[in-house]
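Below: one structure, written as structure tokens.
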Amino acid sequence: GAGVSQSPRYKVAKRGQDVALRCDPISGHVSLFWYQQALGQGPEFLTYFQNEAQLDKSGLPSDRFFAERPEGSVSTLKIQRTQQEDSAVYLCASTPDRAGTGELFFGEGSRLTVL
Amino acid sequence: RKEVEQDPGPFNVPEGATVAFNCTYSNSASQSFFWYRQDCRKEPKLLMSVYSSGNEDGRFTAQLNRASQYISLLIRDSKLSDSATYLCVSPQGGKLIFGQGTELSVKP
């Protein structure tokens with residue numbers, strides 16, 4: 001498709017389970033961003049990649065969160081030993097720019113609910 | 001102080017009204033800013049970019065005040081379809097920092 005694709009759209013996990021969220025950016029887009037959005041809040045930055053290089057992971061809330069983009073295209077956000085406070089929508093965005101200085105194109109998000 | 005701060009609202013206005021949102025930012029080095037719109041349970045989408053003093057696009061006007069470090073968004077002649085959350089965004093260190101968002105509800 002032409003836009004950013006995320007899967008799964010919805011995920012319910014039991015506390016302690018590991019989850020993996022996938023992002024397929026717009027073809028040719030250099031930079032890819034992950035954001036976490038809790039209910040009623042704005043998107044909070046987690047991490048970003050320029051091609052396959054993870055340039056900033058300062059927003060990852062703990063070492064349970066891990067992101068990769070091994071071939072500079074598809075990215076996976078992994079959350080280990082999920083906790084209830086991880087419940088949120090995880091948004092992926094891409095841009096043709098080398099940094100987030102222009103328009104970000106967002107996917108529809110992956111809504112994670114941890115029971 | 002958060003990097004980007006907004007009044008969360010909600011702003012409830014009648015159709016046809018003019019409404020303005022403000023946003024303050026902490027990074028004085030930022031050169032450009034953005035307003036994104038987010039409909040309920042949808043992804044954010046770019047509404048307007050704000051460079052130098054401001055930008056106008058139809059019913060929407062965005063202004064930047066560097067001395068006071070705030071950005072404003074003015075919506076004239078509000079439509080029902082303008083109901084959404086408006087997110088103020090500032091670039092910082094290669095990434096975009098979003099505000100909490102201001103919720104607008106336009107009533108008939």
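Ordered as shown in the structure tokens, chains take letters A, B, and onward, while each chain numbers its residues from 1 and ligands are numbered from 1 in the order shown.
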Worksheet item: Which chain A residues are at most 12 Å from chain B (counting only C-alpha atoms), as an NGL selection string?
Response: :A and (3-6 or 9 or 31-50 or 54-59 or 88-95 or 97-111)
Those same residues, written as a compact mmCIF listing (two decimals), in the first residue's frame with N, CA and C atoms?
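Just written: selection_37.txt:
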# COMPACT_ATOMS: atom_id res chain seq x y z
N GLY A 3 0.64 3.84 2.16
CA GLY A 3 0.88 4.47 3.46
C GLY A 3 1.70 3.60 4.38
N VAL A 4 1.85 4.08 5.62
CA VAL A 4 2.54 3.33 6.66
C VAL A 4 1.58 2.26 7.18
N SER A 5 2.07 1.03 7.25
CA SER A 5 1.23 -0.08 7.67
C SER A 5 1.74 -0.64 9.00
N GLN A 6 0.83 -0.81 9.96
CA GLN A 6 1.22 -1.36 11.26
C GLN A 6 0.39 -2.61 11.56
N ARG A 9 -3.24 -4.49 14.54
CA ARG A 9 -3.95 -3.25 14.89
C ARG A 9 -4.37 -3.27 16.35
N SER A 31 13.72 7.87 7.39
CA SER A 31 13.60 7.90 8.84
C SER A 31 12.30 7.25 9.31
N LEU A 32 12.39 6.58 10.43
CA LEU A 32 11.24 5.89 11.01
C LEU A 32 11.21 6.16 12.50
N PHE A 33 10.03 6.50 13.00
CA PHE A 33 9.85 6.89 14.39
C PHE A 33 8.81 6.00 15.06
N TRP A 34 9.01 5.75 16.34
CA TRP A 34 8.01 5.09 17.16
C TRP A 34 7.58 6.06 18.26
N TYR A 35 6.26 6.13 18.46
CA TYR A 35 5.68 6.94 19.52
C TYR A 35 4.71 6.07 20.33
N GLN A 36 4.54 6.45 21.59
CA GLN A 36 3.56 5.82 22.47
C GLN A 36 2.51 6.86 22.83
N GLN A 37 1.24 6.51 22.65
CA GLN A 37 0.19 7.47 22.98
C GLN A 37 -0.80 6.85 23.96
N ALA A 38 -0.79 7.38 25.18
CA ALA A 38 -1.75 6.95 26.18
C ALA A 38 -3.05 7.73 25.98
N LEU A 39 -4.12 7.21 26.53
CA LEU A 39 -5.44 7.82 26.36
C LEU A 39 -5.43 9.27 26.86
N GLY A 40 -5.87 10.18 26.01
CA GLY A 40 -5.97 11.57 26.41
C GLY A 40 -4.67 12.35 26.39
N GLN A 41 -3.61 11.72 25.92
CA GLN A 41 -2.30 12.37 25.88
C GLN A 41 -1.82 12.50 24.44
N GLY A 42 -0.81 13.33 24.25
CA GLY A 42 -0.19 13.42 22.94
C GLY A 42 0.79 12.28 22.74
N PRO A 43 1.23 12.06 21.51
CA PRO A 43 2.22 11.01 21.27
C PRO A 43 3.54 11.33 21.97
N GLU A 44 4.10 10.33 22.65
CA GLU A 44 5.37 10.48 23.35
C GLU A 44 6.44 9.75 22.55
N PHE A 45 7.54 10.46 22.26
CA PHE A 45 8.61 9.88 21.47
C PHE A 45 9.24 8.69 22.18
N LEU A 46 9.48 7.61 21.43
CA LEU A 46 10.19 6.45 21.97
C LEU A 46 11.59 6.33 21.37
N THR A 47 11.64 6.23 20.02
CA THR A 47 12.93 6.00 19.37
C THR A 47 12.82 6.34 17.89
N TYR A 48 14.00 6.56 17.25
CA TYR A 48 13.94 6.74 15.81
C TYR A 48 15.16 6.19 15.09
N PHE A 49 14.95 5.83 13.85
CA PHE A 49 15.96 5.23 12.99
C PHE A 49 16.16 6.09 11.75
N GLN A 50 17.41 6.15 11.35
CA GLN A 50 17.74 6.69 10.04
C GLN A 50 18.32 5.50 9.28
N GLN A 54 19.84 3.14 14.62
CA GLN A 54 18.99 3.69 15.67
C GLN A 54 19.71 4.90 16.27
N LEU A 55 19.28 6.09 15.91
CA LEU A 55 19.99 7.30 16.28
C LEU A 55 19.59 7.84 17.64
N ASP A 56 18.40 7.50 18.10
CA ASP A 56 17.94 8.04 19.37
C ASP A 56 16.96 7.05 19.98
N LYS A 57 17.28 6.59 21.17
CA LYS A 57 16.34 5.70 21.86
C LYS A 57 16.07 6.23 23.26
N SER A 58 16.23 7.52 23.40
CA SER A 58 16.11 8.15 24.71
C SER A 58 14.70 8.07 25.29
N GLY A 59 13.69 7.85 24.45
CA GLY A 59 12.32 7.82 24.95
C GLY A 59 11.84 6.44 25.38
N ALA A 88 -1.36 1.16 25.66
CA ALA A 88 -1.34 2.43 24.92
C ALA A 88 -1.48 2.10 23.44
N VAL A 89 -1.56 3.15 22.65
CA VAL A 89 -1.46 2.99 21.20
C VAL A 89 -0.02 3.29 20.81
N TYR A 90 0.56 2.38 20.05
CA TYR A 90 1.94 2.57 19.58
C TYR A 90 1.89 2.98 18.12
N LEU A 91 2.35 4.20 17.88
CA LEU A 91 2.30 4.78 16.54
C LEU A 91 3.67 4.72 15.88
N CYS A 92 3.67 4.36 14.64
CA CYS A 92 4.88 4.38 13.83
C CYS A 92 4.71 5.46 12.77
N ALA A 93 5.78 6.17 12.48
CA ALA A 93 5.73 7.22 11.45
C ALA A 93 7.00 7.18 10.63
N SER A 94 6.90 7.58 9.37
CA SER A 94 8.10 7.64 8.54
C SER A 94 8.14 8.96 7.80
N THR A 95 9.33 9.30 7.34
CA THR A 95 9.52 10.53 6.57
C THR A 95 10.67 10.33 5.60
N ASP A 97 12.80 12.50 4.95
CA ASP A 97 13.89 13.33 5.44
C ASP A 97 14.82 12.53 6.35
N ARG A 98 16.00 13.08 6.55
CA ARG A 98 16.99 12.39 7.41
C ARG A 98 16.71 12.62 8.88
N ALA A 99 15.75 13.43 9.19
CA ALA A 99 15.39 13.65 10.59
C ALA A 99 13.94 14.13 10.62
N GLY A 100 13.42 14.27 11.80
CA GLY A 100 12.05 14.74 11.95
C GLY A 100 11.96 16.24 11.87
N THR A 101 12.18 16.76 10.67
CA THR A 101 12.10 18.22 10.50
C THR A 101 10.97 18.63 9.59
N GLY A 102 10.35 17.65 8.98
CA GLY A 102 9.24 17.94 8.07
C GLY A 102 8.04 17.12 8.47
N GLU A 103 7.23 16.77 7.50
CA GLU A 103 6.02 16.05 7.80
C GLU A 103 6.30 14.60 8.13
N LEU A 104 5.67 14.11 9.20
CA LEU A 104 5.70 12.70 9.53
C LEU A 104 4.41 12.06 9.02
N PHE A 105 4.54 10.88 8.43
CA PHE A 105 3.40 10.13 7.93
C PHE A 105 3.18 8.97 8.89
N PHE A 106 2.05 8.99 9.56
CA PHE A 106 1.77 8.00 10.61
C PHE A 106 0.98 6.82 10.08
N GLY A 107 1.23 5.66 10.70
CA GLY A 107 0.36 4.53 10.53
C GLY A 107 -0.84 4.67 11.45
N GLU A 108 -1.77 3.72 11.35
CA GLU A 108 -2.99 3.80 12.16
C GLU A 108 -2.75 3.38 13.61
N GLY A 109 -1.59 2.82 13.89
CA GLY A 109 -1.26 2.47 15.26
C GLY A 109 -1.58 1.03 15.62
N SER A 110 -0.90 0.57 16.64
CA SER A 110 -1.19 -0.73 17.25
C SER A 110 -1.68 -0.47 18.67
N ARG A 111 -2.91 -0.86 18.95
CA ARG A 111 -3.48 -0.61 20.28
C ARG A 111 -3.19 -1.82 21.15
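For the choices A:Thr113, A:Ser7, A:Asn51, A:Ser27, the atom-to-atom distance to A:Arg69 is smallest for A:Asn51 when using only C-alpha atoms.
Of the listed residues (A:Val30, A:Val74, A:Ala2, A:Ile79), A:Ile79 comes nearest to A:Leu112; the distances count only C-alpha atoms.
Residue nearest B:Phe60 within the list B:Ala20, B:Val4, B:Leu104, B:Cys40: B:Ala20 [criterion: smallest interatomic distance, only C-alpha atoms].
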Fill in: Residue list (strand (DSSP E or B), DSSP) for chain A, as an NGL selection string
:A and (5-7 or 10-13 or 19-24 or 31-37 or 44-50 or 53-56 or 65-68 or 75-79 or 88-95 or 105-106 or 110-114)
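One distance worth recording is that between atom CA of A:Pro96 and atom CA of B:Thr24, which is 27.6 Å.
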Worksheet item: Near A:Ala20, counting only C-alpha atoms, which residues have an atom at most 10 Å away, once you skip same-chain residues fewer than 5 positions from it, shown as a list in words?
Response: Ser7, Pro8, Lys11, Phe65, Phe66, Ala67, Thr76, Leu77, Lys78, Ile79 and Gln80 of chain A
